[in-house]
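The file upload-v8.csv comes next; it holds CSV, C-alpha atoms.
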chain,number,residue,atom,x,y,z
A,1,MET,CA,-39.7,41.2,19.9
A,2,ALA,CA,-36.9,39.4,18.1
A,3,HIS,CA,-36.2,42.5,16.1
A,4,GLN,CA,-33.8,45.2,17.3
A,5,ARG,CA,-32.4,42.7,19.8
A,6,GLY,CA,-31.4,40.2,17.2
A,7,SER,CA,-27.9,39.2,18.3
A,8,ARG,CA,-28.9,38.7,21.9
A,9,HIS,CA,-31.9,36.6,20.8
A,10,PHE,CA,-29.6,34.6,18.5
A,11,LEU,CA,-27.0,33.9,21.2
A,12,ALA,CA,-29.6,33.0,23.9
A,13,GLN,CA,-31.3,30.6,21.5
A,14,ARG,CA,-27.9,28.9,20.8
A,15,LEU,CA,-26.7,28.8,24.4
A,16,THR,CA,-30.0,27.3,25.6
A,17,ALA,CA,-29.8,24.8,22.7
A,18,LEU,CA,-26.3,23.7,23.8
A,19,LEU,CA,-27.5,23.4,27.4
A,20,LEU,CA,-30.5,21.4,26.4
A,21,LEU,CA,-28.5,18.9,24.3
A,22,PRO,CA,-27.1,16.8,27.3
A,23,LEU,CA,-30.2,17.5,29.4
A,24,VAL,CA,-32.6,16.1,26.7
A,25,VAL,CA,-30.5,12.9,26.5
A,26,TYR,CA,-30.5,12.6,30.3
A,27,LEU,CA,-34.3,13.2,30.4
A,28,VAL,CA,-35.0,10.5,27.8
A,29,ILE,CA,-32.9,7.9,29.6
A,30,LEU,CA,-34.4,8.9,32.9
A,31,LEU,CA,-38.0,8.6,31.7
A,32,VAL,CA,-37.4,5.4,29.9
A,33,SER,CA,-35.8,3.9,33.0
A,34,MET,CA,-39.1,4.8,34.9
A,35,VAL,CA,-41.5,3.2,32.4
A,36,GLY,CA,-44.1,1.2,34.4
A,37,ALA,CA,-42.7,2.4,37.8
A,38,ASP,CA,-45.3,3.1,40.5
A,39,HIS,CA,-45.7,6.5,42.3
A,40,ALA,CA,-43.5,5.7,45.2
A,41,THR,CA,-40.5,4.8,42.9
A,42,VAL,CA,-41.0,7.9,40.7
A,43,ALA,CA,-41.4,10.2,43.7
A,44,VAL,CA,-38.2,9.0,45.4
A,45,ARG,CA,-36.4,9.2,42.1
A,46,LEU,CA,-37.5,12.8,41.4
A,47,SER,CA,-36.5,13.9,44.8
A,48,MET,CA,-32.9,12.9,44.3
A,49,PRO,CA,-30.7,16.0,43.5
A,50,VAL,CA,-29.0,14.1,40.7
A,51,VAL,CA,-32.5,13.9,39.1
A,52,TRP,CA,-34.3,17.1,40.1
A,53,VAL,CA,-31.4,19.5,39.4
A,54,PRO,CA,-31.0,18.5,35.8
A,55,MET,CA,-34.8,18.2,35.4
A,56,LEU,CA,-35.2,21.7,36.7
A,57,GLY,CA,-32.4,22.8,34.4
A,58,LEU,CA,-34.1,21.1,31.5
A,59,VAL,CA,-37.4,22.8,32.1
A,60,LEU,CA,-36.0,26.3,32.7
A,61,ALA,CA,-33.6,26.2,29.7
A,62,GLY,CA,-36.4,24.6,27.7
A,63,VAL,CA,-38.9,27.2,28.6
A,64,TRP,CA,-36.4,30.0,27.7
A,65,HIS,CA,-35.6,28.3,24.4
A,66,MET,CA,-39.3,27.7,23.5
A,67,TRP,CA,-40.2,31.3,24.5
A,68,LEU,CA,-37.4,32.6,22.1
A,69,GLY,CA,-38.6,30.3,19.3
A,70,MET,CA,-42.2,31.2,19.7
A,71,GLN,CA,-41.2,34.9,19.5
A,72,VAL,CA,-39.8,34.3,16.0
A,73,VAL,CA,-42.9,32.3,14.9
A,74,ILE,CA,-45.3,35.0,16.1
A,75,ASP,CA,-43.2,37.7,14.5
A,76,ASP,CA,-43.3,35.8,11.2
A,77,TYR,CA,-47.0,35.1,11.0
A,78,ALA,CA,-49.0,37.5,13.3
A,79,ARG,CA,-49.9,40.9,12.1
A,80,GLY,CA,-51.1,44.1,13.8
A,81,GLY,CA,-52.5,44.0,17.3
A,82,SER,CA,-52.7,40.2,17.5
A,83,ARG,CA,-48.9,40.1,17.5
A,84,SER,CA,-48.3,41.8,20.8
A,85,THR,CA,-51.3,39.9,22.4
A,86,LEU,CA,-49.8,36.6,21.3
A,87,GLN,CA,-46.3,37.6,22.5
A,88,MET,CA,-47.7,38.5,25.9
A,89,LEU,CA,-49.7,35.2,26.0
A,90,SER,CA,-46.6,33.2,25.2
A,91,THR,CA,-44.6,35.0,27.9
A,92,VAL,CA,-47.3,34.4,30.5
A,93,LEU,CA,-47.5,30.7,29.5
A,94,SER,CA,-43.7,30.3,29.6
A,95,ILE,CA,-43.5,31.9,33.1
A,96,ALA,CA,-46.4,29.8,34.3
A,97,THR,CA,-44.7,26.6,33.1
A,98,ALA,CA,-41.4,27.5,34.8
A,99,LEU,CA,-43.2,28.4,38.0
A,100,ALA,CA,-45.3,25.2,38.0
A,101,CYS,CA,-42.1,23.2,37.5
A,102,LEU,CA,-40.4,25.0,40.5
A,103,TYR,CA,-43.5,24.3,42.6
A,104,ALA,CA,-43.5,20.6,41.6
A,105,VAL,CA,-39.8,20.2,42.5
A,106,TYR,CA,-40.5,22.0,45.8
A,107,LEU,CA,-43.4,19.6,46.6
A,108,LEU,CA,-41.3,16.6,45.7
A,109,ASN,CA,-38.6,17.7,48.1
A,110,SER,CA,-40.8,18.6,51.0
A,111,GLY,CA,-41.8,15.0,51.4
A,112,ALA,CA,-45.4,15.4,50.5
B,1,MET,CA,-50.2,52.8,5.5
B,2,VAL,CA,-53.4,54.6,6.7
B,3,GLY,CA,-54.3,57.5,4.4
B,4,SER,CA,-51.7,56.6,1.8
B,5,SER,CA,-52.8,55.8,-1.7
B,6,GLN,CA,-52.7,52.2,-3.0
B,7,PRO,CA,-49.1,51.3,-3.8
B,8,THR,CA,-48.3,50.4,-7.3
B,9,PRO,CA,-48.5,46.6,-7.9
B,10,ARG,CA,-45.1,45.1,-7.5
B,11,PRO,CA,-43.9,41.6,-8.7
B,12,LEU,CA,-44.5,38.9,-6.1
B,13,SER,CA,-41.9,36.3,-5.3
B,14,PRO,CA,-43.1,32.8,-6.2
B,15,HIS,CA,-45.5,31.4,-3.7
B,16,LEU,CA,-44.7,28.4,-1.6
B,17,GLN,CA,-47.1,26.2,-3.6
B,18,ILE,CA,-45.1,26.8,-6.8
B,19,TYR,CA,-42.0,25.1,-5.4
B,20,ARG,CA,-41.6,21.4,-5.6
B,21,PRO,CA,-40.8,20.4,-2.0
B,22,GLU,CA,-37.1,20.0,-1.5
B,23,ILE,CA,-35.7,18.0,1.5
B,24,ASN,CA,-33.9,21.0,3.0
B,25,MET,CA,-37.1,23.2,2.9
B,26,VAL,CA,-39.3,20.4,4.3
B,27,MET,CA,-36.8,20.0,7.1
B,28,SER,CA,-36.9,23.7,7.9
B,29,ILE,CA,-40.7,23.5,8.2
B,30,VAL,CA,-40.6,20.3,10.2
B,31,HIS,CA,-38.0,21.8,12.6
B,32,ARG,CA,-40.4,24.7,13.2
B,33,LEU,CA,-43.4,22.4,13.6
B,34,THR,CA,-41.6,20.0,16.0
B,35,GLY,CA,-40.5,23.1,18.0
B,36,LEU,CA,-44.2,24.2,18.3
B,37,ALA,CA,-45.2,20.7,19.3
B,38,LEU,CA,-42.4,20.7,22.0
B,39,TYR,CA,-43.8,24.0,23.4
B,40,ALA,CA,-47.0,22.1,24.2
B,41,GLY,CA,-44.8,19.1,25.3
B,42,ALA,CA,-43.1,21.3,27.9
B,43,VAL,CA,-46.5,22.0,29.5
B,44,LEU,CA,-47.3,18.2,29.4
B,45,LEU,CA,-43.9,17.4,31.1
B,46,VAL,CA,-44.5,19.9,33.9
B,47,TRP,CA,-48.1,18.5,34.3
B,48,TRP,CA,-46.6,15.1,34.8
B,49,LEU,CA,-44.1,16.5,37.4
B,50,LEU,CA,-47.0,18.1,39.2
B,51,ALA,CA,-48.9,14.9,39.1
B,52,ALA,CA,-45.9,13.1,40.6
B,53,ALA,CA,-45.7,15.8,43.3
B,54,SER,CA,-49.4,15.6,44.2
B,55,GLY,CA,-49.6,12.0,45.3
B,56,PRO,CA,-50.3,8.5,44.2
B,57,ALA,CA,-54.0,8.9,43.4
B,58,TYR,CA,-53.6,11.7,40.9
B,59,PHE,CA,-50.3,10.3,39.6
B,60,ASP,CA,-52.0,7.0,38.8
B,61,TYR,CA,-54.8,8.8,37.1
B,62,VAL,CA,-52.4,10.8,34.8
B,63,ASN,CA,-50.3,7.7,34.1
B,64,GLY,CA,-53.6,5.9,33.1
B,65,LEU,CA,-54.2,8.7,30.6
B,66,TRP,CA,-50.7,8.3,29.2
B,67,SER,CA,-51.1,4.5,29.0
B,68,SER,CA,-54.2,4.8,26.8
B,69,VAL,CA,-54.0,4.3,23.1
B,70,LEU,CA,-54.3,8.1,22.5
B,71,GLY,CA,-51.8,8.8,25.2
B,72,ARG,CA,-49.3,6.4,23.7
B,73,ILE,CA,-49.8,8.0,20.2
B,74,VAL,CA,-49.1,11.4,21.7
B,75,LEU,CA,-46.1,10.1,23.6
B,76,LEU,CA,-44.7,8.5,20.5
B,77,GLY,CA,-45.1,11.7,18.6
B,78,TYR,CA,-43.6,13.6,21.5
B,79,THR,CA,-40.5,11.2,21.5
B,80,TRP,CA,-40.0,11.7,17.8
B,81,ALA,CA,-40.5,15.5,17.8
B,82,LEU,CA,-38.1,15.8,20.7
B,83,LEU,CA,-35.4,13.7,19.0
B,84,HIS,CA,-36.0,15.2,15.6
B,85,HIS,CA,-35.8,18.8,16.9
B,86,THR,CA,-32.7,17.9,19.0
B,87,LEU,CA,-30.9,16.4,16.0
B,88,GLY,CA,-32.1,19.3,13.8
B,89,GLY,CA,-30.7,21.7,16.5
B,90,VAL,CA,-27.3,20.0,16.2
B,91,ARG,CA,-27.5,20.5,12.5
B,92,HIS,CA,-28.2,24.2,13.1
B,93,LEU,CA,-25.3,24.4,15.5
B,94,ILE,CA,-23.0,22.9,12.9
B,95,TRP,CA,-24.2,25.5,10.4
B,96,ASP,CA,-23.6,28.2,12.9
B,97,THR,CA,-19.9,27.4,12.8
B,98,GLY,CA,-20.0,28.1,9.0
B,99,ARG,CA,-19.6,24.4,8.1
B,100,GLY,CA,-21.8,22.2,6.0
B,101,LEU,CA,-23.7,24.9,4.2
B,102,ASP,CA,-23.3,23.6,0.7
B,103,ILE,CA,-26.5,22.0,-0.7
B,104,PRO,CA,-25.2,18.4,-1.0
B,105,THR,CA,-24.1,18.5,2.7
B,106,VAL,CA,-27.4,20.1,3.7
B,107,ASP,CA,-29.4,17.4,2.0
B,108,ARG,CA,-27.2,14.7,3.4
B,109,LEU,CA,-27.6,16.1,7.0
B,110,SER,CA,-31.3,16.3,6.4
B,111,TRP,CA,-31.7,12.7,5.5
B,112,TRP,CA,-29.4,11.7,8.4
B,113,THR,CA,-31.7,13.7,10.8
B,114,ILE,CA,-34.8,11.9,9.5
B,115,LEU,CA,-33.2,8.4,9.7
B,116,LEU,CA,-31.6,8.9,13.0
B,117,SER,CA,-34.6,10.5,14.7
B,118,ALA,CA,-36.8,7.6,13.5
B,119,ALA,CA,-34.2,5.0,14.5
B,120,LEU,CA,-33.7,6.5,18.0
B,121,THR,CA,-37.4,6.8,18.5
B,122,MET,CA,-37.7,3.1,17.8
B,123,VAL,CA,-34.8,2.3,20.2
B,124,VAL,CA,-36.4,4.4,23.0
B,125,TRP,CA,-39.7,2.7,22.6
B,126,VAL,CA,-38.3,-0.8,22.4
B,127,VAL,CA,-36.3,-0.2,25.6
B,128,GLY,CA,-39.4,1.3,27.2
B,129,TYR,CA,-41.5,-1.7,26.5
B,130,TRP,CA,-38.7,-3.9,27.6
B,131,MET,CA,-38.5,-2.0,30.9
B,132,LYS,CA,-42.2,-2.5,31.3
B,133,GLY,CA,-41.6,-6.2,30.9
B,134,ALA,CA,-43.7,-6.4,27.8
B,135,ILE,CA,-40.9,-7.9,25.7

With the file now loaded, output its structure as structure tokens.
Amino acid sequence: MAHQRGSRHFLAQRLTALLLLPLVVYLVILLVSMVGADHATVAVRLSMPVVWVPMLGLVLAGVWHMWLGMQVVIDDYARGGSRSTLQMLSTVLSIATALACLYAVYLLNSGA
Amino acid sequence: MVGSSQPTPRPLSPHLQIYRPEINMVMSIVHRLTGLALYAGAVLLVWWLLAAASGPAYFDYVNGLWSSVLGRIVLLGYTWALLHHTLGGVRHLIWDTGRGLDIPTVDRLSWWTILLSAALTMVVWVVGYWMKGAI
């Protein structure tokens, strides 16, 4: 997967890395600030745009970044037919993770 | 390869076991391993978000799992993996600009990454326990 489209893969990995840098710092501070908080507090916090927008950005950029990274790892170690199977599995898992995050953010904002 | 005759034996490059571990190579491996761990970590983060979205009962249940001894060990590892991979990523971004590629600088950056990731993990957890009122 990473072969033949090398430079695009390289650039996407670096761009997502740059995006993730501030978002990871923000996430760590956010999570630490919510240690021991009850559900009501966390739900209110997560429905604030200043929280859910970066959180969504973090997960989407993170999923893209991890999908790219996993492509390289699979290409390095998997041989033959298992390679494309694992690549497909990783793609499905990545998309599922992104969709699940979108769904969670939607639920948190619909006042459920 | 199918149907072709056996290729003539060619010299192999030295296997991984032959090298004495160098800090730069260990860091390269650890960067990959922490990346793999964070792949699973992303799923865990989204699971927690879903738990928060699905109401107090399930959220409390999931939080209970994270508060257990095993949960805390996983979270501690997650914290370190995230910080280590992030700092390692910064190192890679510096290298992408063509700077810091000589071996002494690579080794120095490696040690800084280890020390900083450990120190920051400790800071995050001390502040976390302080937030909880345990300190």

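Here atom CA of A:Ser110 and atom CA of A:Thr97 stand 20.0 Å from one another.
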
Practice task
Measuring atom to atom with only C-alpha atoms, identify which of B:Tyr129, B:Tyr39, B:Tyr19, B:Trp112 is nearest to A:Ser94.
Solution key: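 Of the candidates, the smallest distance to A:Ser94 is held by B:Tyr39.
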
Handout entry: Residues near stretch 91-93 of chain B, cut-off 12 Å, all atoms listed in the file, skip fewer than 6 positions along chain, as a ChimeraX atom specification
Key = /A:10-11,13-18,21 /B:24,27-28,31,84-85,99-101,105-114

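Here atom CA of B:Trp125 stands at a distance of 11.1 Å from atom CA of A:Ile29.
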
Problem - Test item: residues at most 12 Å from A:Met88, all atoms listed in the file, excluding those fewer than 6 positions along its chain, as a ChimeraX atom specification - result: /A:1,67,70-71,74,81-82,94-95

Fill in the blank from the handout: The distance between atom CA of A:Tyr26 and atom CA of A:Leu58 is 9.3 Å

Practice task
Pick out the chain B residues within 8 Å of chain A. Count only C-alpha atoms. Give them as an MDAnalysis selection string.
Solution key: chainID B and resid 35:36 38:39 42:43 46 49:50 52:56 59:60 86 89 93 124 127:129 131:132

Go ahead and fit an axis-aligned box to every listed atom of stretch 59-69 of chain A plus 4 Å each side, and pass me the centre and edge lengths in Å, one decimal, as lines of an AutoDock Vina configuration file.
center_x = -36.9
center_y = 27.7
center_z = 26.0
size_x = 14.6
size_y = 17.8
size_z = 21.4

Handout entry: Distance query A:Leu68 at most 7 Å, only C-alpha atoms, self and fewer than 4 positions along chain excluded, as a PyMOL selection string
Key = chain A and resi 9+13+64+72
